[in-house]
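Reading through the structure tokens given below for one structure.
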Amino acid sequence: MKKERFTLIFSPESYSKPITYHLVKLFDLRINILRAEVTPGEEGHLLMELEGEDENILQALQFLRDEQIKAIPANKQIAVDKNACIHCGACTAVCFSGAMVMNRDTWQTQFTPEACIVCGLCIQACPLRIISISFGSDLDA
Amino acid sequence: MSKKTYEEINEKIKRGSAVVLTAEEVIAMVEEQGVKKTAKKVDVVTTATFGPMCSSGAFINFGHSDPPIRMAKVWLNDVAAYGGIAAVDAYIGATECSEDCEEYGGAHVIEDLAAGKDIKLKAISYGTDCYPRKTIECMINKNSVNECILFNPRNAYQNYAAATNSTNKALYTYMGMLLPNFGNVTYSTAGQLSPLLNDPYLRTIGVGTRIFLGGAQGYVAWNGTQHNPSNARNENGIPVGGAATLSLIGNLKEMSSEYLKAAVYTKYGVSLFVGIGVPIPLLDEEMVNFVSVRDRDITTTLYDYGVPERSRPVIRTVNYAELKSGVIEVNGKQVRTAPLSSLYKARNIAETLKDWIAKGEFLIQEPAGPLPTQTTVKALEIKELD
């Protein structure tokens, strides 16, 4: 048995399916939903903990891939090179989870790692290319 | 009525007694003390912007090698520069992409030059009797070349449209990533701090105006391309979309990479953040009225970038106080807004310019000539080939 966290990213077409039901029913997994953001017609994000046999978790991940759902291991985290940031705000345009926000007094962007679901949109949105995904063990630091 | 001349203001700057405020600070003063007192007390207001400005580039004269070469095609760090000017002059445009990497372009070369980094120069030629060399590859930097002149054909747009996306797919644009189904709104302005919004009829900004450009002193060279001062204005006299523009020039050798930052917009291309500060002399009460403009007085048009045509559908008119609040209403739905231009850096530039003027290091310059105030912008109509 092992326990792992994943961020599931749903396309507008895929999230009408009862994914959690299938994960429980087909792969005998215990599921703990930690954070969810699903709006009809838009990309949806789900941070969840999967607990079950190694083989079942692997099969579940393959099932998600087949369903066109991205599953990003949550041991990944977003890293921002704060010293290089010019605070343009482009990252805040795409951040659903509210991890990247603009402070409207100082007009500096602020990153709250605890709110981040590692969807990766900010990486593409940052024009200075100073946001990256890292594989840290210090996720909660 | 209080009136001042450029000479009188410069005398005060030289004596160290000029009163300088930023365009944000002066708003509070006008609200508290009124236009008359502000016109009497304040000499100069500093404005600034730090946004992505694609129409930017630099002229470089490399000096002559031995044997010399008439450079016909030129690359800087594998980014093509225009070599069709004399033997060893070239122009590197900000939006030109590297032949190897779409995430590196002319803007990066310009930022690297400003930072003093070495750049690989490659040039080829057909060889002439007077310029026999046919190829050259060597390292250059801003100190090794003769001239390195930032010359931006179109900067500091007076106002700019805001963008959103009605389609069900994410769009990758120069206005950033536009999320599907009106998922966000992006805009690019310094608003009430922005240079041309504080002098909406271009009374004090003209050819030869001395400015802050990329961390050094530069100048307004001409009106910018696509200069469109005839665009419609709102009830406050502010153009409601892209209107006047500036063509700017300055010595890149004196500039800093702090104020020239290369930008990459995914699936669009490369651009350059340019730091610009323009001092506005408070010659009279009319100028005080202009510089006291507030975000809520400045409106722009929100367009649907989901329609890939020149004339995109207008979604609504919106003012910058609304856009800067973080949320606006679009078709009855609350939609998140985000800036693309850095107000944080613009404030830093306005403060720096204020400091230069207060210390007597920067004198204001009366324009040598006015910018056009009546011209319009033309579209490219597709005329059949002969």
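By order in the structure tokens, chains are A, B, ...; within a chain, residues start at 1; ligands start at 1, following the order shown.
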
As a compact mmCIF listing (two decimals) with all heavy atoms, in the first residue's frame, please: the residues near Val109 (chain B) (cut-off 10 Å, only C-alpha atoms, same-chain neighbours under 5 positions excluded).
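Result saved to result02.txt:
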# COMPACT_ATOMS: atom_id res chain seq x y z
N GLY B 57 14.49 48.29 -31.03
CA GLY B 57 15.67 47.70 -31.65
C GLY B 57 16.89 48.59 -31.45
O GLY B 57 16.80 49.64 -30.81
N ALA B 58 18.01 48.14 -31.99
CA ALA B 58 19.25 48.90 -31.78
C ALA B 58 20.12 48.89 -33.03
O ALA B 58 20.25 47.87 -33.71
CB ALA B 58 20.02 48.30 -30.61
N LEU B 76 23.56 38.07 -34.51
CA LEU B 76 24.07 38.31 -33.15
C LEU B 76 23.50 37.22 -32.26
O LEU B 76 22.26 37.13 -32.12
CB LEU B 76 23.64 39.70 -32.67
CG LEU B 76 24.28 40.86 -33.46
CD1 LEU B 76 23.55 42.17 -33.16
CD2 LEU B 76 25.76 40.99 -33.13
N ASN B 77 24.37 36.40 -31.69
CA ASN B 77 23.92 35.21 -30.94
C ASN B 77 22.90 34.41 -31.75
O ASN B 77 21.85 34.00 -31.23
CB ASN B 77 23.33 35.60 -29.58
CG ASN B 77 24.41 35.88 -28.55
OD1 ASN B 77 25.61 35.69 -28.81
ND2 ASN B 77 24.01 36.34 -27.37
N ASP B 78 23.17 34.26 -33.03
CA ASP B 78 22.32 33.50 -33.96
C ASP B 78 20.97 34.14 -34.23
O ASP B 78 20.06 33.50 -34.77
CB ASP B 78 22.11 32.05 -33.47
CG ASP B 78 23.44 31.31 -33.37
OD1 ASP B 78 24.28 31.51 -34.27
OD2 ASP B 78 23.63 30.55 -32.40
N VAL B 79 20.80 35.39 -33.86
CA VAL B 79 19.59 36.14 -34.20
C VAL B 79 19.94 37.04 -35.38
O VAL B 79 20.91 37.81 -35.32
CB VAL B 79 19.10 37.00 -33.02
CG1 VAL B 79 17.83 37.76 -33.40
CG2 VAL B 79 18.86 36.14 -31.79
N ILE B 92 19.42 45.49 -35.02
CA ILE B 92 18.85 44.28 -34.41
C ILE B 92 17.46 44.62 -33.87
O ILE B 92 17.31 45.51 -33.04
CB ILE B 92 19.78 43.70 -33.31
CG1 ILE B 92 19.17 42.47 -32.64
CG2 ILE B 92 20.17 44.72 -32.26
CD1 ILE B 92 19.36 41.20 -33.39
N GLY B 93 16.46 43.96 -34.40
CA GLY B 93 15.08 44.22 -33.98
C GLY B 93 14.69 43.32 -32.82
O GLY B 93 15.05 42.14 -32.79
N ALA B 94 13.92 43.85 -31.89
CA ALA B 94 13.58 43.12 -30.67
C ALA B 94 12.83 41.82 -30.94
O ALA B 94 13.00 40.84 -30.24
CB ALA B 94 12.77 44.01 -29.74
N GLU B 96 12.87 39.78 -33.57
CA GLU B 96 13.50 38.74 -34.42
C GLU B 96 13.86 37.54 -33.54
O GLU B 96 14.49 37.70 -32.50
CB GLU B 96 14.76 39.32 -35.07
CG GLU B 96 15.43 38.37 -36.04
CD GLU B 96 14.69 38.27 -37.38
OE1 GLU B 96 14.16 39.28 -37.84
OE2 GLU B 96 14.65 37.15 -37.92
N SER B 98 15.71 33.85 -32.72
CA SER B 98 16.91 33.09 -33.04
C SER B 98 16.57 31.96 -34.01
O SER B 98 15.47 31.41 -33.96
CB SER B 98 17.49 32.51 -31.75
OG SER B 98 18.30 31.42 -32.04
N TYR B 104 14.58 32.75 -27.65
CA TYR B 104 15.66 33.75 -27.58
C TYR B 104 15.56 34.59 -28.84
O TYR B 104 15.37 34.06 -29.94
CB TYR B 104 17.02 33.06 -27.50
CG TYR B 104 18.18 34.01 -27.26
CD1 TYR B 104 18.64 34.27 -25.97
CD2 TYR B 104 18.79 34.68 -28.32
CE1 TYR B 104 19.69 35.15 -25.73
CE2 TYR B 104 19.84 35.56 -28.09
CZ TYR B 104 20.28 35.79 -26.81
OH TYR B 104 21.32 36.67 -26.58
N ALA B 114 22.97 45.48 -23.04
CA ALA B 114 22.87 46.46 -21.96
C ALA B 114 23.57 45.95 -20.71
O ALA B 114 24.19 46.74 -19.97
CB ALA B 114 21.39 46.75 -21.66
N ALA B 115 23.50 44.63 -20.48
CA ALA B 115 24.13 44.04 -19.28
C ALA B 115 25.65 43.95 -19.43
O ALA B 115 26.34 43.55 -18.48
CB ALA B 115 23.55 42.65 -19.03
N LYS B 117 27.22 41.94 -21.51
CA LYS B 117 27.66 40.57 -21.83
C LYS B 117 28.28 40.50 -23.22
O LYS B 117 27.93 41.30 -24.11
CB LYS B 117 26.45 39.62 -21.79
CG LYS B 117 25.93 39.36 -20.40
CD LYS B 117 24.81 38.34 -20.45
CE LYS B 117 24.18 38.18 -19.08
NZ LYS B 117 22.95 37.41 -19.13
N ASP B 118 29.15 39.51 -23.43
CA ASP B 118 29.70 39.26 -24.75
C ASP B 118 28.64 38.62 -25.64
O ASP B 118 27.87 37.76 -25.20
CB ASP B 118 30.91 38.32 -24.66
CG ASP B 118 32.17 39.07 -24.25
OD1 ASP B 118 32.17 40.31 -24.32
OD2 ASP B 118 33.15 38.40 -23.87
N ILE B 119 28.64 39.03 -26.90
CA ILE B 119 27.67 38.54 -27.89
C ILE B 119 28.47 38.00 -29.08
O ILE B 119 29.44 38.63 -29.50
CB ILE B 119 26.78 39.71 -28.40
CG1 ILE B 119 26.10 40.45 -27.25
CG2 ILE B 119 25.81 39.26 -29.48
CD1 ILE B 119 24.89 39.79 -26.69
N LYS B 120 28.01 36.86 -29.62
CA LYS B 120 28.69 36.31 -30.80
C LYS B 120 28.21 37.03 -32.06
O LYS B 120 27.02 37.02 -32.36
CB LYS B 120 28.41 34.81 -30.91
CG LYS B 120 29.20 34.15 -32.05
CD LYS B 120 28.91 32.67 -32.15
CE LYS B 120 27.64 32.41 -32.92
NZ LYS B 120 27.31 31.01 -33.13
N ALA B 262 14.01 41.30 -21.83
CA ALA B 262 13.45 40.50 -22.92
C ALA B 262 12.25 39.71 -22.40
O ALA B 262 12.24 39.25 -21.26
CB ALA B 262 14.51 39.55 -23.45

- Members of chain A assigned strand (DSSP E or B) by DSSP, as a ChimeraX atom specification: /A:2-10,30-37,44-52,70-73,76-80,100-102,109-111,131-135

With C-alpha atoms kept, could you save the residues just selected as a PDB file, in the first residue's frame?
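Listed below is the output, again-v9.pdb:
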ATOM      1  CA  LYS A   2       1.176   3.482  -0.687  1.00  0.00           C
ATOM      2  CA  LYS A   3      -0.212   6.989  -0.582  1.00  0.00           C
ATOM      3  CA  GLU A   4       0.537   9.592  -3.247  1.00  0.00           C
ATOM      4  CA  ARG A   5      -0.731  13.044  -4.106  1.00  0.00           C
ATOM      5  CA  PHE A   6      -1.581  14.138  -7.634  1.00  0.00           C
ATOM      6  CA  THR A   7      -2.974  17.221  -9.293  1.00  0.00           C
ATOM      7  CA  LEU A   8      -5.494  16.153 -11.935  1.00  0.00           C
ATOM      8  CA  ILE A   9      -6.062  18.605 -14.775  1.00  0.00           C
ATOM      9  CA  PHE A  10      -9.300  18.167 -16.713  1.00  0.00           C
ATOM     10  CA  ARG A  30      -9.029   5.319  -1.248  1.00  0.00           C
ATOM     11  CA  ILE A  31      -9.387   8.877  -2.422  1.00  0.00           C
ATOM     12  CA  ASN A  32      -9.023  12.041  -0.426  1.00  0.00           C
ATOM     13  CA  ILE A  33      -9.838  15.219  -2.344  1.00  0.00           C
ATOM     14  CA  LEU A  34      -7.720  18.010  -0.922  1.00  0.00           C
ATOM     15  CA  ARG A  35      -8.627  20.848  -3.264  1.00  0.00           C
ATOM     16  CA  ALA A  36     -10.968  21.151  -6.210  1.00  0.00           C
ATOM     17  CA  GLU A  37     -11.655  23.857  -8.741  1.00  0.00           C
ATOM     18  CA  GLY A  44     -10.666  21.967 -13.947  1.00  0.00           C
ATOM     19  CA  HIS A  45      -8.104  21.126 -11.246  1.00  0.00           C
ATOM     20  CA  LEU A  46      -8.278  18.534  -8.528  1.00  0.00           C
ATOM     21  CA  LEU A  47      -5.622  17.923  -5.906  1.00  0.00           C
ATOM     22  CA  MET A  48      -6.135  14.433  -4.505  1.00  0.00           C
ATOM     23  CA  GLU A  49      -4.435  11.781  -2.428  1.00  0.00           C
ATOM     24  CA  LEU A  50      -4.602   8.221  -3.812  1.00  0.00           C
ATOM     25  CA  GLU A  51      -4.075   5.327  -1.436  1.00  0.00           C
ATOM     26  CA  GLY A  52      -3.867   1.750  -2.630  1.00  0.00           C
ATOM     27  CA  LYS A  70      -3.206  14.997 -16.843  1.00  0.00           C
ATOM     28  CA  ALA A  71      -2.021  13.709 -13.458  1.00  0.00           C
ATOM     29  CA  ILE A  72       0.926  15.638 -12.092  1.00  0.00           C
ATOM     30  CA  PRO A  73       2.634  14.167  -9.024  1.00  0.00           C
ATOM     31  CA  LYS A  76       6.489  18.690  -7.898  1.00  0.00           C
ATOM     32  CA  GLN A  77       6.385  22.321  -6.948  1.00  0.00           C
ATOM     33  CA  ILE A  78       6.539  25.638  -8.679  1.00  0.00           C
ATOM     34  CA  ALA A  79       9.716  27.654  -8.180  1.00  0.00           C
ATOM     35  CA  VAL A  80       9.868  31.383  -8.896  1.00  0.00           C
ATOM     36  CA  MET A 100      -0.050  33.898  -7.913  1.00  0.00           C
ATOM     37  CA  VAL A 101      -1.705  37.162  -7.027  1.00  0.00           C
ATOM     38  CA  MET A 102      -0.983  40.828  -7.523  1.00  0.00           C
ATOM     39  CA  THR A 109       3.255  39.661  -7.590  1.00  0.00           C
ATOM     40  CA  GLN A 110       3.066  37.285  -4.634  1.00  0.00           C
ATOM     41  CA  PHE A 111       3.339  33.522  -4.737  1.00  0.00           C
ATOM     42  CA  ILE A 131       8.994  30.123 -13.245  1.00  0.00           C
ATOM     43  CA  SER A 132       9.816  26.428 -13.301  1.00  0.00           C
ATOM     44  CA  ILE A 133       8.676  23.106 -11.865  1.00  0.00           C
ATOM     45  CA  SER A 134      11.040  21.598  -9.377  1.00  0.00           C
ATOM     46  CA  PHE A 135      10.948  18.213  -7.723  1.00  0.00           C
TER      47      PHE A 135
END

- Item | Distance filter 10 Å, only C-alpha atoms, chain B against chain A, as a VMD selection string | chain B and resid 50 to 52 103 168 to 170 172 175 to 188 258 to 259 261 to 267 269 to 273 324 to 326 336 to 345 347

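Residue nearest Ala115 (chain A) within the list A:Gly98, A:Ile130, A:Asp81, A:Leu26: A:Gly98 [criterion: smallest interatomic distance, only C-alpha atoms].
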
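Every protein or nucleic acid residue with an atom no more than 8 Å from region 369-373 of chain B, counting only C-alpha atoms and leaving out same-chain residues fewer than 5 positions away, appears here: Tyr201, Leu202, Arg203, Ile205, Gly206, Val207, Gly208, Trp222, Asn223, Pro229 and Ser230 of chain B.
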
- How would you write, as a ChimeraX atom specification, the set of residues in chain A that DSSP gives as alpha helix (DSSP H)? /A:19-27,54-66,121-125

- Which residue of B:Val274, B:Val293, B:Ala243, B:Ala90 approaches Thr375 (chain B) most closely, using only C-alpha atoms: B:Ala243
